[in-house]
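What follows is the content of start.txt (compact mmCIF, N, CA and C atoms).
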```
# COMPACT_ATOMS: atom_id res chain seq x y z
N GLN A 1 1.51 -12.04 -17.43
CA GLN A 1 2.02 -10.71 -17.10
C GLN A 1 1.45 -10.28 -15.75
N VAL A 2 2.34 -9.91 -14.86
CA VAL A 2 1.92 -9.49 -13.54
C VAL A 2 1.55 -8.02 -13.55
N GLN A 3 0.41 -7.71 -12.95
CA GLN A 3 0.00 -6.32 -12.84
C GLN A 3 -0.56 -6.04 -11.46
N LEU A 4 -0.23 -4.87 -10.94
CA LEU A 4 -0.87 -4.34 -9.75
C LEU A 4 -1.57 -3.06 -10.19
N VAL A 5 -2.88 -3.02 -10.02
CA VAL A 5 -3.64 -1.88 -10.50
C VAL A 5 -4.34 -1.21 -9.33
N GLU A 6 -3.93 0.04 -9.07
CA GLU A 6 -4.56 0.80 -7.98
C GLU A 6 -5.81 1.51 -8.49
N SER A 7 -6.73 1.74 -7.58
CA SER A 7 -7.92 2.54 -7.87
C SER A 7 -8.40 3.18 -6.58
N GLY A 8 -9.28 4.17 -6.71
CA GLY A 8 -9.87 4.79 -5.54
C GLY A 8 -9.32 6.15 -5.18
N GLY A 9 -8.29 6.59 -5.87
CA GLY A 9 -7.76 7.91 -5.59
C GLY A 9 -8.71 9.00 -6.07
N GLY A 10 -8.36 10.24 -5.73
CA GLY A 10 -9.20 11.35 -6.16
C GLY A 10 -8.97 12.59 -5.33
N LEU A 11 -9.89 13.54 -5.46
CA LEU A 11 -9.84 14.81 -4.74
C LEU A 11 -10.85 14.76 -3.60
N VAL A 12 -10.41 15.12 -2.41
CA VAL A 12 -11.27 15.10 -1.25
C VAL A 12 -10.92 16.28 -0.35
N GLN A 13 -11.89 16.75 0.39
CA GLN A 13 -11.64 17.83 1.33
C GLN A 13 -10.98 17.29 2.59
N ALA A 14 -10.27 18.15 3.27
CA ALA A 14 -9.65 17.77 4.54
C ALA A 14 -10.72 17.24 5.49
N GLY A 15 -10.38 16.15 6.17
CA GLY A 15 -11.32 15.50 7.05
C GLY A 15 -12.10 14.38 6.40
N GLY A 16 -12.02 14.30 5.08
CA GLY A 16 -12.75 13.28 4.35
C GLY A 16 -12.03 11.95 4.33
N SER A 17 -12.62 11.01 3.58
CA SER A 17 -12.09 9.65 3.53
C SER A 17 -11.99 9.17 2.08
N LEU A 18 -11.06 8.27 1.85
CA LEU A 18 -10.93 7.56 0.59
C LEU A 18 -10.51 6.13 0.89
N ARG A 19 -10.87 5.23 -0.01
CA ARG A 19 -10.42 3.84 0.11
C ARG A 19 -9.71 3.47 -1.17
N LEU A 20 -8.43 3.16 -1.04
CA LEU A 20 -7.65 2.71 -2.18
C LEU A 20 -7.69 1.19 -2.28
N SER A 21 -7.74 0.70 -3.51
CA SER A 21 -7.67 -0.73 -3.76
C SER A 21 -6.50 -1.02 -4.68
N CYS A 22 -5.92 -2.19 -4.55
CA CYS A 22 -4.84 -2.63 -5.41
C CYS A 22 -5.13 -4.07 -5.82
N ALA A 23 -5.54 -4.24 -7.05
CA ALA A 23 -5.89 -5.56 -7.56
C ALA A 23 -4.69 -6.16 -8.29
N ALA A 24 -4.28 -7.33 -7.84
CA ALA A 24 -3.14 -8.01 -8.45
C ALA A 24 -3.62 -9.08 -9.42
N SER A 25 -2.89 -9.25 -10.49
CA SER A 25 -3.21 -10.30 -11.46
C SER A 25 -1.93 -10.88 -12.02
N GLY A 26 -2.03 -12.10 -12.53
CA GLY A 26 -0.88 -12.75 -13.12
C GLY A 26 -0.10 -13.63 -12.17
N ARG A 27 -0.15 -13.37 -10.89
CA ARG A 27 0.48 -14.19 -9.86
C ARG A 27 -0.41 -14.14 -8.63
N THR A 28 -0.19 -15.11 -7.75
CA THR A 28 -0.90 -15.12 -6.46
C THR A 28 0.04 -14.61 -5.39
N PHE A 29 -0.45 -13.63 -4.62
CA PHE A 29 0.41 -12.98 -3.63
C PHE A 29 -0.01 -13.30 -2.20
N SER A 30 -0.74 -14.39 -2.00
CA SER A 30 -1.32 -14.66 -0.70
C SER A 30 -0.27 -14.84 0.40
N ARG A 31 0.96 -15.21 0.06
CA ARG A 31 1.99 -15.37 1.08
C ARG A 31 3.02 -14.24 1.05
N SER A 32 2.80 -13.28 0.19
CA SER A 32 3.78 -12.21 0.02
C SER A 32 3.40 -10.99 0.85
N PRO A 33 4.38 -10.40 1.54
CA PRO A 33 4.09 -9.12 2.18
C PRO A 33 3.73 -8.08 1.12
N MET A 34 2.85 -7.17 1.48
CA MET A 34 2.45 -6.09 0.59
C MET A 34 2.49 -4.78 1.36
N ALA A 35 2.44 -3.69 0.62
CA ALA A 35 2.57 -2.38 1.28
C ALA A 35 1.99 -1.29 0.40
N TRP A 36 1.81 -0.14 1.02
CA TRP A 36 1.47 1.10 0.32
C TRP A 36 2.58 2.11 0.59
N PHE A 37 3.02 2.76 -0.46
CA PHE A 37 3.97 3.84 -0.37
C PHE A 37 3.32 5.09 -0.98
N ARG A 38 3.93 6.24 -0.72
CA ARG A 38 3.44 7.45 -1.37
C ARG A 38 4.61 8.38 -1.67
N GLN A 39 4.38 9.23 -2.67
CA GLN A 39 5.41 10.19 -3.04
C GLN A 39 4.75 11.51 -3.37
N ALA A 40 5.11 12.52 -2.59
CA ALA A 40 4.62 13.87 -2.81
C ALA A 40 5.60 14.61 -3.72
N PRO A 41 5.14 15.65 -4.41
CA PRO A 41 6.04 16.40 -5.31
C PRO A 41 7.26 16.91 -4.58
N GLY A 42 8.42 16.65 -5.14
CA GLY A 42 9.67 17.13 -4.56
C GLY A 42 10.16 16.33 -3.37
N LYS A 43 9.47 15.26 -3.04
CA LYS A 43 9.86 14.45 -1.88
C LYS A 43 10.17 13.02 -2.31
N GLU A 44 10.89 12.31 -1.45
CA GLU A 44 11.20 10.92 -1.72
C GLU A 44 9.98 10.03 -1.42
N ARG A 45 9.98 8.87 -2.07
CA ARG A 45 8.92 7.90 -1.80
C ARG A 45 9.05 7.41 -0.37
N GLU A 46 7.92 7.30 0.34
CA GLU A 46 7.95 6.88 1.73
C GLU A 46 6.91 5.80 1.98
N ILE A 47 7.21 4.97 2.95
CA ILE A 47 6.28 3.91 3.35
C ILE A 47 5.10 4.53 4.08
N VAL A 48 3.92 4.04 3.76
CA VAL A 48 2.71 4.46 4.45
C VAL A 48 2.24 3.35 5.40
N ALA A 49 2.14 2.15 4.86
CA ALA A 49 1.68 1.01 5.66
C ALA A 49 2.13 -0.27 4.99
N ALA A 50 2.26 -1.32 5.80
CA ALA A 50 2.66 -2.63 5.29
C ALA A 50 1.86 -3.70 6.00
N ILE A 51 1.72 -4.85 5.33
CA ILE A 51 0.94 -5.94 5.90
C ILE A 51 1.57 -7.26 5.54
N SER A 52 1.55 -8.20 6.46
CA SER A 52 2.10 -9.53 6.21
C SER A 52 1.11 -10.37 5.40
N GLY A 53 1.60 -11.50 4.88
CA GLY A 53 0.77 -12.33 4.03
C GLY A 53 -0.50 -12.83 4.70
N SER A 54 -0.38 -13.17 5.97
CA SER A 54 -1.53 -13.69 6.72
C SER A 54 -2.37 -12.60 7.35
N SER A 55 -1.96 -11.34 7.19
CA SER A 55 -2.60 -10.18 7.82
C SER A 55 -2.38 -10.14 9.33
N SER A 56 -1.53 -11.00 9.86
CA SER A 56 -1.32 -11.04 11.31
C SER A 56 -0.52 -9.85 11.81
N ASN A 57 0.28 -9.26 10.94
CA ASN A 57 1.09 -8.10 11.31
C ASN A 57 0.87 -6.94 10.35
N THR A 58 0.80 -5.75 10.93
CA THR A 58 0.69 -4.53 10.13
C THR A 58 1.64 -3.48 10.67
N TYR A 59 1.99 -2.55 9.82
CA TYR A 59 2.86 -1.43 10.18
C TYR A 59 2.26 -0.15 9.61
N TYR A 60 2.38 0.92 10.37
CA TYR A 60 1.92 2.23 9.89
C TYR A 60 2.99 3.28 10.17
N ALA A 61 3.18 4.17 9.23
CA ALA A 61 4.02 5.32 9.49
C ALA A 61 3.36 6.17 10.57
N ASN A 62 4.17 6.83 11.36
CA ASN A 62 3.64 7.65 12.46
C ASN A 62 2.65 8.70 11.95
N SER A 63 2.92 9.20 10.76
CA SER A 63 2.09 10.28 10.22
C SER A 63 0.66 9.84 9.89
N VAL A 64 0.44 8.53 9.76
CA VAL A 64 -0.90 8.05 9.38
C VAL A 64 -1.51 7.15 10.45
N LYS A 65 -0.77 6.85 11.47
CA LYS A 65 -1.24 5.94 12.51
C LYS A 65 -2.53 6.47 13.14
N GLY A 66 -3.51 5.60 13.26
CA GLY A 66 -4.80 6.00 13.83
C GLY A 66 -5.78 6.55 12.82
N ARG A 67 -5.30 6.84 11.60
CA ARG A 67 -6.17 7.38 10.56
C ARG A 67 -6.33 6.43 9.37
N PHE A 68 -5.28 5.69 9.06
CA PHE A 68 -5.27 4.78 7.91
C PHE A 68 -5.33 3.34 8.40
N THR A 69 -5.94 2.48 7.58
CA THR A 69 -5.99 1.05 7.88
C THR A 69 -5.66 0.27 6.62
N ILE A 70 -4.65 -0.59 6.72
CA ILE A 70 -4.28 -1.47 5.61
C ILE A 70 -4.93 -2.82 5.82
N SER A 71 -5.38 -3.43 4.74
CA SER A 71 -5.96 -4.76 4.82
C SER A 71 -5.76 -5.46 3.48
N ARG A 72 -6.07 -6.73 3.45
CA ARG A 72 -5.95 -7.50 2.21
C ARG A 72 -6.98 -8.61 2.20
N ASP A 73 -7.37 -9.00 1.01
CA ASP A 73 -8.27 -10.14 0.80
C ASP A 73 -7.53 -11.09 -0.13
N ASN A 74 -6.93 -12.12 0.43
CA ASN A 74 -6.11 -13.02 -0.38
C ASN A 74 -6.95 -13.81 -1.39
N ALA A 75 -8.20 -14.04 -1.07
CA ALA A 75 -9.07 -14.73 -2.02
C ALA A 75 -9.28 -13.90 -3.28
N LYS A 76 -9.22 -12.58 -3.13
CA LYS A 76 -9.39 -11.68 -4.27
C LYS A 76 -8.06 -11.14 -4.79
N ASN A 77 -6.95 -11.54 -4.14
CA ASN A 77 -5.63 -11.05 -4.56
C ASN A 77 -5.59 -9.53 -4.56
N THR A 78 -6.18 -8.94 -3.53
CA THR A 78 -6.37 -7.49 -3.48
C THR A 78 -5.95 -6.93 -2.13
N GLU A 79 -5.35 -5.76 -2.19
CA GLU A 79 -4.92 -5.03 -1.00
C GLU A 79 -5.70 -3.72 -0.93
N TYR A 80 -5.92 -3.24 0.30
CA TYR A 80 -6.71 -2.02 0.48
C TYR A 80 -5.99 -1.05 1.41
N LEU A 81 -6.33 0.21 1.28
CA LEU A 81 -5.89 1.23 2.23
C LEU A 81 -7.07 2.16 2.50
N GLN A 82 -7.65 2.03 3.68
CA GLN A 82 -8.72 2.93 4.09
C GLN A 82 -8.10 4.15 4.73
N MET A 83 -8.42 5.32 4.19
CA MET A 83 -7.82 6.56 4.66
C MET A 83 -8.92 7.46 5.20
N ASN A 84 -8.85 7.74 6.49
CA ASN A 84 -9.83 8.61 7.15
C ASN A 84 -9.15 9.86 7.67
N SER A 85 -9.94 10.86 7.99
CA SER A 85 -9.42 12.12 8.55
C SER A 85 -8.26 12.64 7.72
N LEU A 86 -8.45 12.68 6.43
CA LEU A 86 -7.37 13.08 5.53
C LEU A 86 -6.95 14.52 5.74
N LYS A 87 -5.66 14.76 5.55
CA LYS A 87 -5.07 16.08 5.74
C LYS A 87 -4.41 16.52 4.43
N PRO A 88 -4.25 17.80 4.22
CA PRO A 88 -3.58 18.26 3.00
C PRO A 88 -2.20 17.65 2.82
N GLU A 89 -1.51 17.38 3.91
CA GLU A 89 -0.17 16.78 3.81
C GLU A 89 -0.20 15.32 3.38
N ASP A 90 -1.38 14.73 3.25
CA ASP A 90 -1.50 13.37 2.71
C ASP A 90 -1.52 13.38 1.19
N THR A 91 -1.55 14.56 0.60
CA THR A 91 -1.56 14.67 -0.87
C THR A 91 -0.29 14.07 -1.45
N ALA A 92 -0.48 13.12 -2.36
CA ALA A 92 0.66 12.40 -2.95
C ALA A 92 0.14 11.41 -3.98
N VAL A 93 1.05 10.82 -4.73
CA VAL A 93 0.74 9.65 -5.54
C VAL A 93 0.97 8.43 -4.65
N TYR A 94 -0.02 7.58 -4.58
CA TYR A 94 0.05 6.39 -3.74
C TYR A 94 0.30 5.16 -4.60
N TYR A 95 1.26 4.35 -4.17
CA TYR A 95 1.65 3.15 -4.90
C TYR A 95 1.45 1.92 -4.03
N CYS A 96 0.89 0.87 -4.61
CA CYS A 96 0.89 -0.41 -3.90
C CYS A 96 2.10 -1.21 -4.37
N ALA A 97 2.53 -2.10 -3.52
CA ALA A 97 3.72 -2.90 -3.81
C ALA A 97 3.56 -4.29 -3.23
N ALA A 98 4.15 -5.27 -3.91
CA ALA A 98 4.09 -6.66 -3.45
C ALA A 98 5.44 -7.32 -3.63
N ALA A 99 5.80 -8.12 -2.65
CA ALA A 99 7.03 -8.90 -2.76
C ALA A 99 6.82 -10.07 -3.71
N SER A 100 7.90 -10.56 -4.26
CA SER A 100 7.81 -11.64 -5.24
C SER A 100 7.33 -12.95 -4.60
N PRO A 101 6.36 -13.63 -5.21
CA PRO A 101 5.93 -14.94 -4.70
C PRO A 101 6.99 -16.02 -4.91
N ASP A 102 8.05 -15.72 -5.63
CA ASP A 102 9.12 -16.71 -5.84
C ASP A 102 9.99 -16.88 -4.61
N ARG A 103 9.89 -15.97 -3.67
CA ARG A 103 10.63 -16.08 -2.41
C ARG A 103 9.68 -16.54 -1.32
N TYR A 104 10.23 -17.32 -0.38
CA TYR A 104 9.41 -17.77 0.74
C TYR A 104 9.36 -16.69 1.81
N TYR A 105 8.17 -16.40 2.30
CA TYR A 105 7.98 -15.50 3.43
C TYR A 105 7.04 -16.16 4.41
N SER A 106 7.32 -16.06 5.68
CA SER A 106 6.37 -16.55 6.66
C SER A 106 5.14 -15.64 6.62
N GLY A 107 4.02 -16.18 7.04
CA GLY A 107 2.78 -15.42 6.98
C GLY A 107 2.78 -14.19 7.87
N SER A 108 3.71 -14.13 8.80
CA SER A 108 3.75 -13.01 9.74
C SER A 108 4.79 -11.96 9.36
N TYR A 109 5.49 -12.17 8.26
CA TYR A 109 6.58 -11.27 7.87
C TYR A 109 6.05 -10.05 7.11
N LEU A 110 6.53 -8.89 7.49
CA LEU A 110 6.27 -7.70 6.70
C LEU A 110 7.56 -6.90 6.57
N SER A 111 7.58 -5.95 5.66
CA SER A 111 8.79 -5.16 5.42
C SER A 111 8.43 -3.72 5.11
N THR A 112 9.25 -2.80 5.61
CA THR A 112 9.08 -1.38 5.28
C THR A 112 10.14 -0.93 4.27
N ASN A 113 10.95 -1.88 3.80
CA ASN A 113 12.06 -1.58 2.90
C ASN A 113 11.61 -1.70 1.44
N THR A 114 11.83 -0.65 0.66
CA THR A 114 11.41 -0.70 -0.74
C THR A 114 12.09 -1.84 -1.49
N ALA A 115 13.28 -2.24 -1.06
CA ALA A 115 14.01 -3.29 -1.76
C ALA A 115 13.31 -4.65 -1.68
N THR A 116 12.43 -4.81 -0.71
CA THR A 116 11.69 -6.07 -0.56
C THR A 116 10.67 -6.26 -1.67
N TYR A 117 10.20 -5.15 -2.20
CA TYR A 117 9.03 -5.18 -3.09
C TYR A 117 9.46 -5.21 -4.55
N TYR A 118 9.05 -6.29 -5.22
CA TYR A 118 9.45 -6.50 -6.62
C TYR A 118 8.43 -5.95 -7.60
N TYR A 119 7.16 -6.02 -7.22
CA TYR A 119 6.09 -5.57 -8.11
C TYR A 119 5.47 -4.27 -7.56
N TRP A 120 5.23 -3.33 -8.48
CA TRP A 120 4.69 -2.03 -8.11
C TRP A 120 3.52 -1.68 -9.03
N GLY A 121 2.54 -0.97 -8.47
CA GLY A 121 1.47 -0.44 -9.29
C GLY A 121 1.90 0.85 -9.97
N GLN A 122 1.03 1.38 -10.79
CA GLN A 122 1.35 2.59 -11.55
C GLN A 122 1.12 3.86 -10.74
N GLY A 123 0.44 3.74 -9.62
CA GLY A 123 0.19 4.88 -8.76
C GLY A 123 -1.19 5.49 -8.98
N THR A 124 -1.75 6.02 -7.91
CA THR A 124 -3.02 6.72 -7.99
C THR A 124 -2.91 8.02 -7.20
N GLN A 125 -3.39 9.11 -7.78
CA GLN A 125 -3.25 10.43 -7.16
C GLN A 125 -4.30 10.63 -6.08
N VAL A 126 -3.84 11.07 -4.93
CA VAL A 126 -4.72 11.49 -3.85
C VAL A 126 -4.44 12.96 -3.57
N THR A 127 -5.46 13.78 -3.66
CA THR A 127 -5.32 15.21 -3.41
C THR A 127 -6.31 15.62 -2.33
N VAL A 128 -5.79 16.22 -1.26
CA VAL A 128 -6.63 16.65 -0.14
C VAL A 128 -6.60 18.17 -0.09
N SER A 129 -7.74 18.78 -0.26
CA SER A 129 -7.83 20.24 -0.24
C SER A 129 -8.14 20.73 1.17
N SER A 130 -7.62 21.91 1.47
CA SER A 130 -7.82 22.47 2.82
C SER A 130 -9.08 23.32 2.88
```

I'd like the structure from this file rewritten - as structure tokens, please.
Amino acid sequence: QVQLVESGGGLVQAGGSLRLSCAASGRTFSRSPMAWFRQAPGKEREIVAAISGSSSNTYYANSVKGRFTISRDNAKNTEYLQMNSLKPEDTAVYYCAAASPDRYYSGSYLSTNTATYYYWGQGTQVTVSS
């Protein structure tokens, strides 16, 4: 059974930091692009950051560029999102996502399209108070 389990969410004051982790089990995702999405109340799910299998390429939404850092440790089958200088508008449920290992992806490929991602975590709440 494949699972993506997020952790590290919580309540933080504006300007603070959090580090989200996404531990994958049941499959190896070392060649699969992975990403973080978020969804705020009343809003659509949006891409936050994405990373290629080899970590050679990364993508950030304009709203988080310079503040968030996506990374992965393929030996641990884990993805991370370091969030610094948090703002109240970053409040949302954060989801990690992984493309299926059954498809071939080059190590440099990443995607911002939700349709690419077959496996999703259950989400972790991030709340930033002003």

Exercise. For Asn84 in chain A, please output as a count of residues only all residues within 6 Å (counting all atoms listed in the file; exclusion window: fewer than 4 positions along the same chain).
Key: 6

Exercise. Would you kindly return, as a list in words, each protein, DNA or RNA residue with an atom no farther than 6 Å from any atom of Arg31 in chain A, considering only N, CA and C atoms and excluding same-chain residues fewer than 4 positions away?
Key: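 Those residues are Gly53, Ser54, Tyr105 and Gly107 of chain A.
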
Quiz item: Got a sec to check which residues sit within 7 Å of (-10.9, 13.3, -5.0), counting all atoms listed in the file, and write them as a list in words?
Solution: Gly9, Gly10, Leu11, Val12, Gln13, Val126, Thr127 and Val128 of chain A

Store the residues picked out above, limited to N, CA and C atoms, as a PDB file, in the coordinates of the input.
```pdb
ATOM      1  N   GLY A   9      -8.290   6.590  -5.870  1.00  0.00           N
ATOM      2  CA  GLY A   9      -7.760   7.910  -5.590  1.00  0.00           C
ATOM      3  C   GLY A   9      -8.710   9.000  -6.070  1.00  0.00           C
ATOM      4  N   GLY A  10      -8.360  10.240  -5.730  1.00  0.00           N
ATOM      5  CA  GLY A  10      -9.200  11.350  -6.160  1.00  0.00           C
ATOM      6  C   GLY A  10      -8.970  12.590  -5.330  1.00  0.00           C
ATOM      7  N   LEU A  11      -9.890  13.540  -5.460  1.00  0.00           N
ATOM      8  CA  LEU A  11      -9.840  14.810  -4.740  1.00  0.00           C
ATOM      9  C   LEU A  11     -10.850  14.760  -3.600  1.00  0.00           C
ATOM     10  N   VAL A  12     -10.410  15.120  -2.410  1.00  0.00           N
ATOM     11  CA  VAL A  12     -11.270  15.100  -1.250  1.00  0.00           C
ATOM     12  C   VAL A  12     -10.920  16.280  -0.350  1.00  0.00           C
ATOM     13  N   GLN A  13     -11.890  16.750   0.390  1.00  0.00           N
ATOM     14  CA  GLN A  13     -11.640  17.830   1.330  1.00  0.00           C
ATOM     15  C   GLN A  13     -10.980  17.290   2.590  1.00  0.00           C
ATOM     16  N   VAL A 126      -3.840  11.070  -4.930  1.00  0.00           N
ATOM     17  CA  VAL A 126      -4.720  11.490  -3.850  1.00  0.00           C
ATOM     18  C   VAL A 126      -4.440  12.960  -3.570  1.00  0.00           C
ATOM     19  N   THR A 127      -5.460  13.780  -3.660  1.00  0.00           N
ATOM     20  CA  THR A 127      -5.320  15.210  -3.410  1.00  0.00           C
ATOM     21  C   THR A 127      -6.310  15.620  -2.330  1.00  0.00           C
ATOM     22  N   VAL A 128      -5.790  16.220  -1.260  1.00  0.00           N
ATOM     23  CA  VAL A 128      -6.630  16.650  -0.140  1.00  0.00           C
ATOM     24  C   VAL A 128      -6.600  18.170  -0.090  1.00  0.00           C
TER      25      VAL A 128
END
```

Quiz item: Interatomic distance between CA of Ser85 in chain A and CA of Ser108 in chain A?
Solution: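 Computing the Euclidean distance for CA of Ser85 in chain A and CA of Ser108 in chain A yields 28.4 Å.
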
Exercise. Name the residues of range 12-130 of chain A that fall into helix (DSSP H, G or I) according to DSSP on the backbone, using the chain letters and numbers of this document, as a list in words.
Key: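 Secondary structure check on range 12-130 of chain A, helix (DSSP H, G or I): Pro88, Glu89, Asp90, Thr114, Ala115 and Thr116 of chain A.
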